[in-house]
file upload.txt (compact mmCIF, C-alpha atoms (C1' of nucleotides))
# COMPACT_ATOMS: atom_id res chain seq x y z
CA MET R 7 0.00 0.00 0.00
CA ALA R 8 1.43 3.32 -1.08
CA LYS R 9 1.75 5.98 1.53
CA ILE R 10 -0.15 9.15 0.81
CA SER R 11 1.08 12.60 1.58
CA LEU R 12 -1.19 14.26 4.10
CA ASP R 13 -0.84 17.91 4.95
CA ALA R 14 -2.04 19.70 8.05
CA VAL R 15 -5.55 20.25 6.66
CA ASP R 16 -5.95 16.60 5.68
CA ARG R 17 -4.93 15.53 9.15
CA LYS R 18 -7.36 17.98 10.70
CA ILE R 19 -10.19 16.69 8.52
CA LEU R 20 -9.43 13.08 9.43
CA GLY R 21 -9.10 14.01 13.09
CA PHE R 22 -12.55 15.56 13.17
CA LEU R 23 -14.28 12.86 11.16
CA ILE R 24 -12.70 10.06 13.18
CA LYS R 25 -14.42 11.47 16.24
CA ASN R 26 -17.69 12.19 14.47
CA ALA R 27 -18.26 10.90 10.96
CA ARG R 28 -21.36 13.07 10.55
CA MET R 29 -19.64 16.36 11.31
CA PRO R 30 -20.79 18.80 8.60
CA PHE R 31 -18.09 19.69 6.09
CA LEU R 32 -18.89 23.36 6.52
CA GLU R 33 -18.11 23.14 10.21
CA ILE R 34 -14.79 21.47 9.41
CA ALA R 35 -14.22 24.19 6.83
CA ARG R 36 -14.69 26.89 9.44
CA GLU R 37 -12.28 25.15 11.81
CA CYS R 38 -9.68 24.81 9.08
CA GLY R 39 -10.15 28.27 7.61
CA VAL R 40 -10.93 27.05 4.10
CA SER R 41 -14.09 26.78 2.04
CA GLY R 42 -16.58 23.96 2.28
CA ALA R 43 -15.86 23.00 -1.29
CA ALA R 44 -12.20 22.48 -0.42
CA ILE R 45 -13.13 20.04 2.36
CA HIS R 46 -15.44 18.25 0.00
CA GLN R 47 -12.71 17.86 -2.61
CA ARG R 48 -10.13 16.73 -0.07
CA VAL R 49 -12.44 14.13 1.44
CA LYS R 50 -13.14 12.81 -2.03
CA LYS R 51 -9.43 12.67 -2.75
CA LEU R 52 -8.78 10.81 0.49
CA GLU R 53 -11.53 8.36 -0.37
CA ASP R 54 -10.13 7.78 -3.85
CA ALA R 55 -6.66 7.33 -2.41
CA GLY R 56 -7.92 4.64 -0.04
CA VAL R 57 -7.09 6.56 3.12
CA ILE R 58 -10.78 6.81 4.00
CA LEU R 59 -12.42 3.41 3.82
CA GLY R 60 -15.88 4.56 4.83
CA SER R 61 -17.76 5.51 7.92
CA ARG R 62 -19.65 3.52 10.47
CA LEU R 63 -22.19 4.02 13.11
CA GLN R 64 -21.00 2.70 16.44
CA VAL R 65 -23.68 0.69 18.12
CA ASN R 66 -23.51 -0.40 21.72
CA PRO R 67 -23.44 -4.20 21.81
CA LYS R 68 -24.70 -4.20 25.41
CA ALA R 69 -27.74 -2.12 24.51
CA MET R 70 -28.67 -4.77 21.99
CA GLY R 71 -28.35 -7.57 24.49
CA TYR R 72 -24.83 -8.71 23.68
CA ASP R 73 -23.52 -9.00 27.22
CA VAL R 74 -20.59 -11.32 26.58
CA CYS R 75 -17.50 -10.49 24.55
CA ALA R 76 -14.84 -13.11 23.99
CA ILE R 77 -11.60 -13.46 22.11
CA ILE R 78 -10.83 -16.90 20.81
CA GLY R 79 -7.56 -18.31 19.54
CA ILE R 80 -8.16 -20.97 16.91
CA ARG R 81 -5.76 -23.66 15.77
CA ILE R 82 -6.51 -25.28 12.47
CA SER R 83 -5.42 -28.72 11.39
CA ASP R 84 -4.36 -27.78 7.88
CA PRO R 85 -3.01 -24.24 7.69
CA THR R 86 -3.13 -24.28 3.88
CA LYS R 87 -6.92 -24.13 4.28
CA THR R 88 -6.89 -20.98 6.36
CA VAL R 89 -8.66 -18.96 3.68
CA GLN R 90 -11.59 -21.36 3.58
CA THR R 91 -11.78 -21.32 7.35
CA VAL R 92 -12.04 -17.55 7.34
CA GLU R 93 -14.88 -17.73 4.84
CA HIS R 94 -16.70 -20.09 7.18
CA LEU R 95 -16.04 -17.83 10.15
CA ARG R 96 -17.32 -14.82 8.23
CA LYS R 97 -20.72 -16.49 8.03
CA ILE R 98 -21.00 -16.66 11.82
CA PRO R 99 -22.59 -13.30 12.62
CA GLU R 100 -21.43 -13.23 16.24
CA ILE R 101 -17.82 -12.90 15.05
CA THR R 102 -16.88 -9.28 14.49
CA GLU R 103 -13.14 -9.44 14.01
CA CYS R 104 -10.86 -12.04 12.49
CA HIS R 105 -7.07 -12.07 12.16
CA PHE R 106 -4.57 -14.50 10.69
CA ILE R 107 -1.79 -14.53 13.20
CA THR R 108 1.61 -16.01 13.86
CA GLY R 109 2.25 -18.05 16.96
CA LYS R 110 0.42 -20.79 18.74
CA TYR R 111 -2.92 -20.04 17.13
CA ASN R 112 -3.56 -19.59 13.42
CA ILE R 113 -6.58 -17.36 13.75
CA LEU R 114 -7.75 -14.97 16.43
CA ILE R 115 -11.37 -13.82 16.51
CA LYS R 116 -13.48 -11.50 18.59
CA LEU R 117 -17.13 -12.24 19.08
CA TYR R 118 -20.19 -11.00 20.94
CA CYS R 119 -22.86 -13.22 22.44
CA THR R 120 -25.96 -12.54 24.48
CA ASN R 121 -24.86 -14.75 27.39
CA ASN R 122 -22.58 -17.63 28.30
CA GLU R 123 -24.97 -20.21 26.95
CA HIS R 124 -25.02 -18.45 23.62
CA LEU R 125 -21.21 -18.31 23.70
CA MET R 126 -20.96 -22.01 24.43
CA HIS R 127 -23.40 -22.79 21.65
CA THR R 128 -21.47 -20.64 19.19
CA ILE R 129 -18.14 -22.24 20.06
CA PHE R 130 -19.30 -25.85 20.16
CA ASP R 131 -21.96 -25.89 17.48
CA HIS R 132 -20.50 -23.45 15.00
CA ILE R 133 -16.78 -22.87 15.42
CA LEU R 134 -15.66 -26.32 16.53
CA LYS R 135 -17.95 -27.91 13.92
CA LEU R 136 -15.88 -26.39 11.12
CA PRO R 137 -13.84 -29.23 9.59
CA GLU R 138 -10.48 -27.46 9.73
CA VAL R 139 -10.73 -26.23 13.31
CA SER R 140 -8.81 -28.51 15.65
CA GLN R 141 -8.61 -26.54 18.88
CA THR R 142 -9.73 -23.28 20.45
CA GLU R 143 -8.78 -21.27 23.49
CA THR R 144 -11.31 -18.76 24.77
CA PHE R 145 -10.55 -15.57 26.63
CA ILE R 146 -13.57 -13.82 28.06
CA SER R 147 -13.31 -10.05 27.75
CA LEU R 148 -14.46 -8.74 31.10
CA ILE R 149 -14.26 -5.13 30.02
CA GLU R 150 -13.45 -3.60 26.68
CA SER R 151 -11.47 -0.67 28.07
CA PHE R 152 -11.14 1.16 24.80
CA ASP R 153 -11.46 0.70 21.07
CA ARG R 154 -10.29 3.51 18.85
CA GLN R 155 -8.67 4.39 15.55
CA VAL R 156 -4.99 4.67 14.80
CA GLU R 157 -3.53 8.11 15.20
CA ILE R 158 -3.01 10.27 12.17
CA PRO R 159 0.76 10.42 11.85
CA ASP R 160 2.44 13.79 12.11
CA LEU R 161 4.34 13.57 8.89
CA GLU R 162 4.14 11.51 5.75
CA GLU R 163 6.20 11.51 2.64
CA MET O 10 -27.51 -2.31 30.50
CA ALA O 11 -31.19 -2.33 29.69
CA LYS O 12 -32.26 -3.85 26.43
CA ILE O 13 -34.15 -1.51 24.16
CA SER O 14 -37.06 -2.52 22.02
CA LEU O 15 -36.15 -2.10 18.38
CA ASP O 16 -38.77 -2.44 15.70
CA ALA O 17 -38.23 -3.15 12.01
CA VAL O 18 -37.65 0.51 11.14
CA ASP O 19 -35.10 0.98 13.91
CA ARG O 20 -33.22 -2.05 12.70
CA LYS O 21 -33.31 -0.79 9.13
CA ILE O 22 -31.96 2.60 10.23
CA LEU O 23 -29.13 1.00 12.19
CA GLY O 24 -28.40 -1.35 9.31
CA PHE O 25 -27.98 1.52 6.86
CA LEU O 26 -25.97 3.73 9.17
CA ILE O 27 -23.65 0.92 10.22
CA LYS O 28 -22.65 0.58 6.60
CA ASN O 29 -22.45 4.32 5.95
CA ALA O 30 -22.70 6.72 8.85
CA ARG O 31 -23.12 9.69 6.50
CA MET O 32 -26.14 8.34 4.68
CA PRO O 33 -28.67 11.19 4.55
CA PHE O 34 -31.69 10.68 6.75
CA LEU O 35 -33.99 11.47 3.84
CA GLU O 36 -32.53 8.63 1.83
CA ILE O 37 -33.09 6.29 4.77
CA ALA O 38 -36.61 7.68 5.02
CA ARG O 39 -37.31 6.83 1.39
CA GLU O 40 -35.99 3.29 1.88
CA CYS O 41 -38.12 2.82 4.98
CA GLY O 42 -41.25 4.47 3.59
CA VAL O 43 -41.49 7.04 6.37
CA SER O 44 -40.76 10.76 6.58
CA GLY O 45 -37.37 12.27 7.21
CA ALA O 46 -38.58 13.71 10.48
CA ALA O 47 -39.44 10.23 11.71
CA ILE O 48 -35.89 9.03 11.02
CA HIS O 49 -34.53 12.07 12.77
CA GLN O 50 -36.65 11.41 15.85
CA ARG O 51 -35.79 7.72 15.92
CA VAL O 52 -32.07 8.32 15.60
CA LYS O 53 -32.26 10.81 18.44
CA LYS O 54 -34.16 8.29 20.53
CA LEU O 55 -31.56 5.61 19.80
CA GLU O 56 -28.79 7.99 20.76
CA ASP O 57 -30.54 8.93 23.99
CA ALA O 58 -31.12 5.26 24.77
CA GLY O 59 -27.43 4.50 24.35
CA VAL O 60 -27.90 2.19 21.40
CA ILE O 61 -26.01 4.57 19.13
CA LEU O 62 -22.69 5.56 20.66
CA GLY O 63 -21.52 7.77 17.84
CA SER O 64 -20.03 7.46 14.41
CA ARG O 65 -16.53 7.12 13.15
CA LEU O 66 -14.62 7.51 10.00
CA GLN O 67 -12.75 4.37 9.11
CA VAL O 68 -9.23 5.15 8.05
CA ASN O 69 -6.96 2.65 6.39
CA PRO O 70 -3.98 2.05 8.68
CA LYS O 71 -1.89 0.81 5.76
CA ALA O 72 -2.49 3.98 3.75
CA MET O 73 -1.05 5.93 6.65
CA GLY O 74 2.05 3.81 6.85
CA TYR O 75 0.98 1.41 9.59
CA ASP O 76 2.08 -1.81 7.98
CA VAL O 77 2.27 -4.00 11.07
CA CYS O 78 -0.67 -5.04 13.22
CA ALA O 79 -0.09 -7.10 16.33
CA ILE O 80 -2.11 -8.50 19.17
CA ILE O 81 -0.33 -8.75 22.48
CA GLY O 82 -1.29 -10.69 25.60
CA ILE O 83 -0.06 -8.95 28.71
CA ARG O 84 0.42 -10.46 32.14
CA ILE O 85 0.64 -8.05 35.02
CA SER O 86 2.36 -8.67 38.31
CA ASP O 87 -0.36 -7.21 40.51
CA PRO O 88 -3.83 -7.71 39.02
CA THR O 89 -5.33 -5.27 41.52
CA LYS O 90 -3.54 -2.56 39.56
CA THR O 91 -5.13 -3.45 36.25
CA VAL O 92 -7.01 -0.17 36.05
CA GLN O 93 -3.82 1.88 36.35
CA THR O 94 -2.17 -0.29 33.74
CA VAL O 95 -4.97 0.40 31.32
CA GLU O 96 -4.60 4.12 31.88
CA HIS O 97 -0.92 3.79 31.02
CA LEU O 98 -1.71 1.75 27.93
CA ARG O 99 -4.28 4.30 26.81
CA LYS O 100 -1.49 6.86 26.52
CA ILE O 101 0.38 4.73 23.99
CA PRO O 102 -1.16 5.90 20.73
CA GLU O 103 -0.22 2.78 18.77
CA ILE O 104 -2.65 0.73 20.88
CA THR O 105 -6.15 0.82 19.43
CA GLU O 106 -7.96 -1.82 21.43
CA CYS O 107 -7.65 -3.00 25.01
CA HIS O 108 -9.51 -5.73 26.87
CA PHE O 109 -9.40 -7.09 30.40
CA ILE O 110 -9.60 -10.80 29.91
CA THR O 111 -9.74 -14.04 31.82
CA GLY O 112 -7.15 -16.70 31.28
CA LYS O 113 -3.41 -16.73 31.01
CA TYR O 114 -3.14 -13.04 30.21
CA ASN O 115 -4.76 -10.21 32.13
CA ILE O 116 -4.94 -7.77 29.26
CA LEU O 117 -5.12 -8.20 25.52
CA ILE O 118 -4.31 -5.28 23.23
CA LYS O 119 -4.26 -4.63 19.51
CA LEU O 120 -1.78 -2.17 18.09
CA TYR O 121 -0.56 -0.79 14.80
CA CYS O 122 3.05 0.09 14.01
CA THR O 123 4.81 1.31 10.93
CA ASN O 124 7.25 -1.60 10.83
CA ASN O 125 8.82 -4.30 12.95
CA GLU O 126 11.39 -1.93 14.42
CA HIS O 127 8.61 0.38 15.54
CA LEU O 128 6.77 -2.61 17.01
CA MET O 129 9.86 -3.72 18.92
CA HIS O 130 10.42 -0.23 20.20
CA THR O 131 6.81 0.05 21.35
CA ILE O 132 6.89 -3.28 23.15
CA PHE O 133 10.27 -2.90 24.82
CA ASP O 134 10.40 0.81 25.49
CA HIS O 135 6.78 1.52 26.27
CA ILE O 136 4.79 -1.56 27.22
CA LEU O 137 7.44 -3.55 29.07
CA LYS O 138 8.61 -0.39 30.81
CA LEU O 139 5.29 -0.08 32.61
CA PRO O 140 5.90 -1.08 36.25
CA GLU O 141 3.01 -3.56 36.48
CA VAL O 142 3.71 -5.42 33.24
CA SER O 143 5.56 -8.64 33.91
CA GLN O 144 5.32 -10.52 30.63
CA THR O 145 3.97 -10.21 27.11
CA GLU O 146 3.25 -12.55 24.26
CA THR O 147 3.02 -11.05 20.79
CA PHE O 148 0.96 -12.37 17.92
CA ILE O 149 1.61 -10.67 14.61
CA SER O 150 -1.58 -10.21 12.61
CA LEU O 151 -0.63 -11.22 9.09
CA ILE O 152 -4.01 -10.24 7.67
CA GLU O 153 -7.00 -8.63 9.30
CA SER O 154 -9.60 -10.63 7.43
CA PHE O 155 -12.55 -8.66 8.61
CA ASP O 156 -13.62 -6.16 11.23
CA ARG O 157 -17.30 -5.35 11.47
CA GLN O 158 -20.13 -4.47 13.81
CA VAL O 159 -22.37 -6.85 15.69
CA GLU O 160 -25.54 -7.78 13.90
CA ILE O 161 -28.77 -6.07 14.78
CA PRO O 162 -30.76 -8.78 16.50
CA ASP O 163 -34.03 -9.83 14.93
CA LEU O 164 -36.15 -9.34 17.99
CA GLU O 165 -35.81 -7.51 21.23
CA GLU O 166 -38.10 -7.17 24.18
C1' DA H 30 -5.42 23.07 -5.29
C1' DG H 31 -8.59 26.71 -3.86
C1' DT H 32 -12.75 29.97 -4.21
C1' DG H 33 -17.51 31.85 -4.55
C1' DA H 34 -21.91 31.29 -6.03
C1' DA H 35 -25.95 28.71 -7.43
C1' DA H 36 -28.97 24.80 -7.41
C1' DT H 37 -30.27 21.08 -4.95
C1' DT H 38 -30.82 18.50 -0.93
C1' DC H 39 -30.86 17.82 3.96
C1' DT H 40 -31.65 18.95 8.96
C1' DG H 41 -34.15 19.94 12.77
C1' DT H 42 -38.13 22.17 14.83
C1' DA H 43 -42.99 23.08 15.36
C1' DG H 44 -47.69 22.32 15.05
C1' DC H 45 -51.01 18.82 14.01
C1' DC H 46 -53.11 13.91 13.52
C1' DG Y 8 -45.83 7.18 17.66
C1' DG Y 9 -46.44 9.44 13.05
C1' DC Y 10 -47.01 13.34 9.46
C1' DT Y 11 -46.44 17.89 6.67
C1' DA Y 12 -44.37 22.23 6.28
C1' DC Y 13 -40.95 25.45 6.74
C1' DA Y 14 -36.60 28.06 7.55
C1' DG Y 15 -31.96 27.62 7.94
C1' DA Y 16 -27.94 24.96 6.85
C1' DA Y 17 -25.21 21.78 4.23
C1' DT Y 18 -23.90 19.47 0.03
C1' DT Y 19 -22.26 19.33 -4.46
C1' DT Y 20 -21.14 21.12 -8.90
C1' DC Y 21 -18.97 24.40 -11.83
C1' DA Y 22 -16.64 28.26 -13.92
C1' DC Y 23 -12.76 30.81 -12.68
C1' DT Y 24 -8.20 31.77 -10.44

call {"tool": "encode", "arguments": {"input": "upload.txt", "output": "structure tokens"}}
result
Amino acid sequence: MAKISLDAVDRKILGFLIKNARMPFLEIARECGVSGAAIHQRVKKLEDAGVILGSRLQVNPKAMGYDVCAIIGIRISDPTKTVQTVEHLRKIPEITECHFITGKYNILIKLYCTNNEHLMHTIFDHILKLPEVSQTETFISLIESFDRQVEIPDLEE
Amino acid sequence: MAKISLDAVDRKILGFLIKNARMPFLEIARECGVSGAAIHQRVKKLEDAGVILGSRLQVNPKAMGYDVCAIIGIRISDPTKTVQTVEHLRKIPEITECHFITGKYNILIKLYCTNNEHLMHTIFDHILKLPEVSQTETFISLIESFDRQVEIPDLEE
DNA sequence: AGTGAAATTCTGTAGCC
DNA sequence: GGCTACAGAATTTCACT
């Protein structure tokens, strides 16, 4: 992935929108001392360049009844089939994050369940039923202390 | 956390905004067959109820030069000081996610670095320098296969 | 790249059903 | 809870610099 040159205004725009994706461009424009059209053009440029991937509403999993968050390390029997495994995992809606990793597990996932029963059901009836999955280790997340975006670097070339 | 009753329209609204937080309310209104004012009122209600936490721009870490993603399990010497440790970790900007977990680690974090040198520097000079941190285990994330939001449940009471 | 202006579209409130 | 209506604001395009 090519690095993109971001100037002070670009970083300011990203900084504002990371905190609130619905912040009006005109408000950003006022903060940056440029016109609204300039913000519009820069955001479009950042989207085209792949710096901005999109925007998302943040919903509160607890408010929707997801009281249990867990992180699970998965070992698979045949690592050449990792890609297929990921496609299977993608179909399990409880799983929100999935990484290929190095080390004692091949895959690390994060998932949300309504309660421990639901978690057990998801692990035993969905994850462990996948043909390539040989072993799992579950870490219950007692508290998600924070979850944020990477910082906009000070300088790019 | 109290569960909130979400009807079909609420779920549709959340579904659209999860994919694109900047989707105009009037467009959502047209898709749902209600007026824009109704969407506005419902979104406000969902915000007040704590279902909607906010919205965020998604930036591409790779486009900003963060080529390395790692997940690190941290063991701390005195688990009663976990809260302080988290406050220390929060100040390290490379760390984007932090969980208290059960199991062989006390804390699990996700972080982004520009390269392996940067990762090593962050682990040795920042994380391991924290007084409570006794041991870490690093898993390099080769690919982040997906990262998404929890599904809106079909029915709530 | 940025600007200003114009046309279009959206937001957010208020009064009503 | 929903709607229409309205005023003010924001978005988006475009000719020009």

call {"tool": "interface_residues", "arguments": {"input": "upload.txt", "of": "chain H", "to": "chain R", "cutoff": "10 Å", "atoms": "only C-alpha atoms (C1' of nucleotides)", "output": "list in words"}}
result
DA30, DG31, DT32 and DG33 of chain H

call {"tool": "interface_residues", "arguments": {"input": "upload.txt", "of": "chain O", "to": "chain R", "cutoff": "7 Å", "atoms": "only C-alpha atoms", "output": "ChimeraX atom specification"}}
result
/O:10-13,26-31,59-74,102-103,105-112,148-160

call {"tool": "atom_distance", "arguments": {"input": "upload.txt", "atom1": "atom CA of Phe130 of chain R", "atom2": "atom CA of Gly82 of chain O"}}
result
24.2 Å

call {"tool": "residues_around", "arguments": {"input": "upload.txt", "residues": "Glu37 of chain R", "least_positions_apart": "2", "cutoff": "10 Å", "atoms": "only C-alpha atoms (C1' of nucleotides)", "output": "ChimeraX atom specification"}}
result
/R:15,18-19,22,31-35,39-40

call {"tool": "write_last_selection", "arguments": {"input": "upload.txt", "atoms": "C-alpha atoms", "output": "CSV table (one decimal), in the frame of the given file"}}
result
chain,number,residue,atom,x,y,z
R,15,VAL,CA,-5.6,20.2,6.7
R,18,LYS,CA,-7.4,18.0,10.7
R,19,ILE,CA,-10.2,16.7,8.5
R,22,PHE,CA,-12.6,15.6,13.2
R,31,PHE,CA,-18.1,19.7,6.1
R,32,LEU,CA,-18.9,23.4,6.5
R,33,GLU,CA,-18.1,23.1,10.2
R,34,ILE,CA,-14.8,21.5,9.4
R,35,ALA,CA,-14.2,24.2,6.8
R,39,GLY,CA,-10.2,28.3,7.6
R,40,VAL,CA,-10.9,27.0,4.1

call {"tool": "atom_distance", "arguments": {"input": "upload.txt", "atom1": "atom CA of Thr145 of chain O", "atom2": "atom CA of Ser140 of chain R"}}
result
25.1 Å

call {"tool": "residues_around", "arguments": {"input": "upload.txt", "residues": "DT37 of chain H", "least_positions_apart": "3", "cutoff": "10 Å", "atoms": "all atoms listed in the file", "output": "PyMOL selection string"}}
result
chain Y and resi 18-20

call {"tool": "atom_distance", "arguments": {"input": "upload.txt", "atom1": "atom C1' of DA43 of chain H", "atom2": "atom C1' of DG15 of chain Y"}}
result
14.0 Å

call {"tool": "residues_around", "arguments": {"input": "upload.txt", "residues": "DC13 of chain Y", "least_positions_apart": "2", "cutoff": "12 Å", "atoms": "all atoms listed in the file", "output": "list of chain:residue names"}}
result
H:DT40, H:DG41, H:DT42, H:DA43, H:DG44, Y:DT11, Y:DG15

call {"tool": "write_last_selection", "arguments": {"input": "upload.txt", "atoms": "C-alpha atoms (C1' of nucleotides)", "output": "PDB file, in the coordinates of the input"}}
result
ATOM      1  C1'  DT H  40     -31.650  18.950   8.960  1.00  0.00           C
ATOM      2  C1'  DG H  41     -34.150  19.940  12.770  1.00  0.00           C
ATOM      3  C1'  DT H  42     -38.130  22.170  14.830  1.00  0.00           C
ATOM      4  C1'  DA H  43     -42.990  23.080  15.360  1.00  0.00           C
ATOM      5  C1'  DG H  44     -47.690  22.320  15.050  1.00  0.00           C
TER       6       DG H  44
ATOM      7  C1'  DT Y  11     -46.440  17.890   6.670  1.00  0.00           C
ATOM      8  C1'  DG Y  15     -31.960  27.620   7.940  1.00  0.00           C
TER       9       DG Y  15
END

call {"tool": "residues_around", "arguments": {"input": "upload.txt", "residues": "Pro137 of chain R", "least_positions_apart": "3", "cutoff": "10 Å", "atoms": "all atoms listed in the file", "output": "VMD selection string"}}
result
chain R and resid 82 to 84 91 94 133 to 134 140

call {"tool": "decode", "arguments": {"input": "upload.txt", "residues": "segment 31-46 of chain H", "atoms": "N, CA, C and O atoms (P, O5', C5', C4', C3', O3' and C1' of nucleotides)", "output": "CSV table (one decimal), in the first residue's frame"}}
result
chain,number,residue,atom,x,y,z
H,31,DG,P,-6.8,22.7,-1.1
H,31,DG,O5',-7.3,24.1,-1.7
H,31,DG,C5',-6.5,25.2,-1.4
H,31,DG,C4',-7.2,26.4,-2.0
H,31,DG,C3',-8.6,26.6,-1.5
H,31,DG,O3',-8.7,27.8,-0.8
H,31,DG,C1',-8.6,26.7,-3.9
H,32,DT,P,-10.1,28.2,-0.1
H,32,DT,O5',-10.8,29.0,-1.2
H,32,DT,C5',-10.3,30.2,-1.7
H,32,DT,C4',-11.2,30.8,-2.7
H,32,DT,C3',-12.6,31.0,-2.1
H,32,DT,O3',-12.9,32.4,-2.1
H,32,DT,C1',-12.7,30.0,-4.2
H,33,DG,P,-14.1,32.9,-1.1
H,33,DG,O5',-15.3,33.3,-2.1
H,33,DG,C5',-14.9,33.8,-3.4
H,33,DG,C4',-16.2,33.8,-4.3
H,33,DG,C3',-17.5,34.0,-3.5
H,33,DG,O3',-18.3,34.8,-4.3
H,33,DG,C1',-17.5,31.9,-4.5
H,34,DA,P,-19.7,35.3,-3.7
H,34,DA,O5',-20.7,34.6,-4.8
H,34,DA,C5',-20.3,34.4,-6.1
H,34,DA,C4',-21.3,33.4,-6.8
H,34,DA,C3',-22.7,33.5,-6.2
H,34,DA,O3',-23.6,33.3,-7.3
H,34,DA,C1',-21.9,31.3,-6.0
H,35,DA,P,-25.2,33.6,-7.1
H,35,DA,O5',-25.9,32.4,-7.8
H,35,DA,C5',-25.2,31.8,-8.9
H,35,DA,C4',-25.8,30.4,-9.1
H,35,DA,C3',-27.3,30.2,-8.7
H,35,DA,O3',-28.0,29.5,-9.7
H,35,DA,C1',-25.9,28.7,-7.4
H,36,DA,P,-29.5,29.3,-9.6
H,36,DA,O5',-29.7,27.7,-9.4
H,36,DA,C5',-28.9,26.9,-10.2
H,36,DA,C4',-29.0,25.5,-9.7
H,36,DA,C3',-30.5,25.1,-9.2
H,36,DA,O3',-30.8,23.8,-9.7
H,36,DA,C1',-29.0,24.8,-7.4
H,37,DT,P,-32.2,23.1,-9.4
H,37,DT,O5',-31.8,22.0,-8.3
H,37,DT,C5',-30.6,21.2,-8.5
H,37,DT,C4',-30.3,20.6,-7.2
H,37,DT,C3',-31.5,19.8,-6.5
H,37,DT,O3',-31.2,18.5,-6.4
H,37,DT,C1',-30.3,21.1,-5.0
H,38,DT,P,-32.2,17.4,-5.9
H,38,DT,O5',-31.8,17.2,-4.4
H,38,DT,C5',-30.4,16.9,-4.1
H,38,DT,C4',-30.2,17.1,-2.6
H,38,DT,C3',-31.3,16.3,-1.8
H,38,DT,O3',-30.7,15.3,-1.1
H,38,DT,C1',-30.8,18.5,-0.9
H,39,DC,P,-31.4,14.5,0.0
H,39,DC,O5',-31.0,15.3,1.4
H,39,DC,C5',-29.7,15.5,1.7
H,39,DC,C4',-29.5,16.2,3.0
H,39,DC,C3',-30.3,15.5,4.1
H,39,DC,O3',-29.4,15.4,5.2
H,39,DC,C1',-30.9,17.8,4.0
H,40,DT,P,-29.8,14.7,6.6
H,40,DT,O5',-30.1,16.0,7.5
H,40,DT,C5',-29.1,16.9,7.7
H,40,DT,C4',-29.5,18.0,8.7
H,40,DT,C3',-30.1,17.4,10.0
H,40,DT,O3',-29.5,18.1,11.0
H,40,DT,C1',-31.6,18.9,9.0
H,41,DG,P,-29.6,17.7,12.5
H,41,DG,O5',-30.7,18.5,13.1
H,41,DG,C5',-30.7,19.9,13.0
H,41,DG,C4',-32.0,20.5,13.4
H,41,DG,C3',-32.7,19.8,14.6
H,41,DG,O3',-33.2,20.8,15.4
H,41,DG,C1',-34.2,19.9,12.8
H,42,DT,P,-33.8,20.4,16.9
H,42,DT,O5',-35.0,21.5,17.0
H,42,DT,C5',-34.9,22.7,16.3
H,42,DT,C4',-36.3,23.2,15.9
H,42,DT,C3',-37.4,22.9,17.0
H,42,DT,O3',-38.1,24.1,17.3
H,42,DT,C1',-38.1,22.2,14.8
H,43,DA,P,-39.1,24.2,18.5
H,43,DA,O5',-40.5,24.4,17.7
H,43,DA,C5',-40.5,25.2,16.5
H,43,DA,C4',-41.9,25.1,15.9
H,43,DA,C3',-43.0,24.8,17.0
H,43,DA,O3',-44.1,25.5,16.7
H,43,DA,C1',-43.0,23.1,15.4
H,44,DG,P,-45.3,25.5,17.8
H,44,DG,O5',-46.7,25.5,16.9
H,44,DG,C5',-46.6,25.6,15.5
H,44,DG,C4',-47.6,24.7,14.8
H,44,DG,C3',-48.8,24.3,15.7
H,44,DG,O3',-50.0,24.3,14.9
H,44,DG,C1',-47.7,22.3,15.0
H,45,DC,P,-51.3,23.8,15.6
H,45,DC,O5',-51.6,22.4,14.9
H,45,DC,C5',-51.6,22.2,13.4
H,45,DC,C4',-51.8,20.8,13.1
H,45,DC,C3',-53.0,20.1,13.8
H,45,DC,O3',-53.7,19.4,12.8
H,45,DC,C1',-51.0,18.8,14.0
H,46,DC,P,-55.1,18.7,13.2
H,46,DC,O5',-54.7,17.2,13.0
H,46,DC,C5',-54.3,16.7,11.7
H,46,DC,C4',-54.0,15.2,11.8
H,46,DC,C3',-55.1,14.4,12.4
H,46,DC,O3',-55.4,13.3,11.6
H,46,DC,C1',-53.1,13.9,13.5
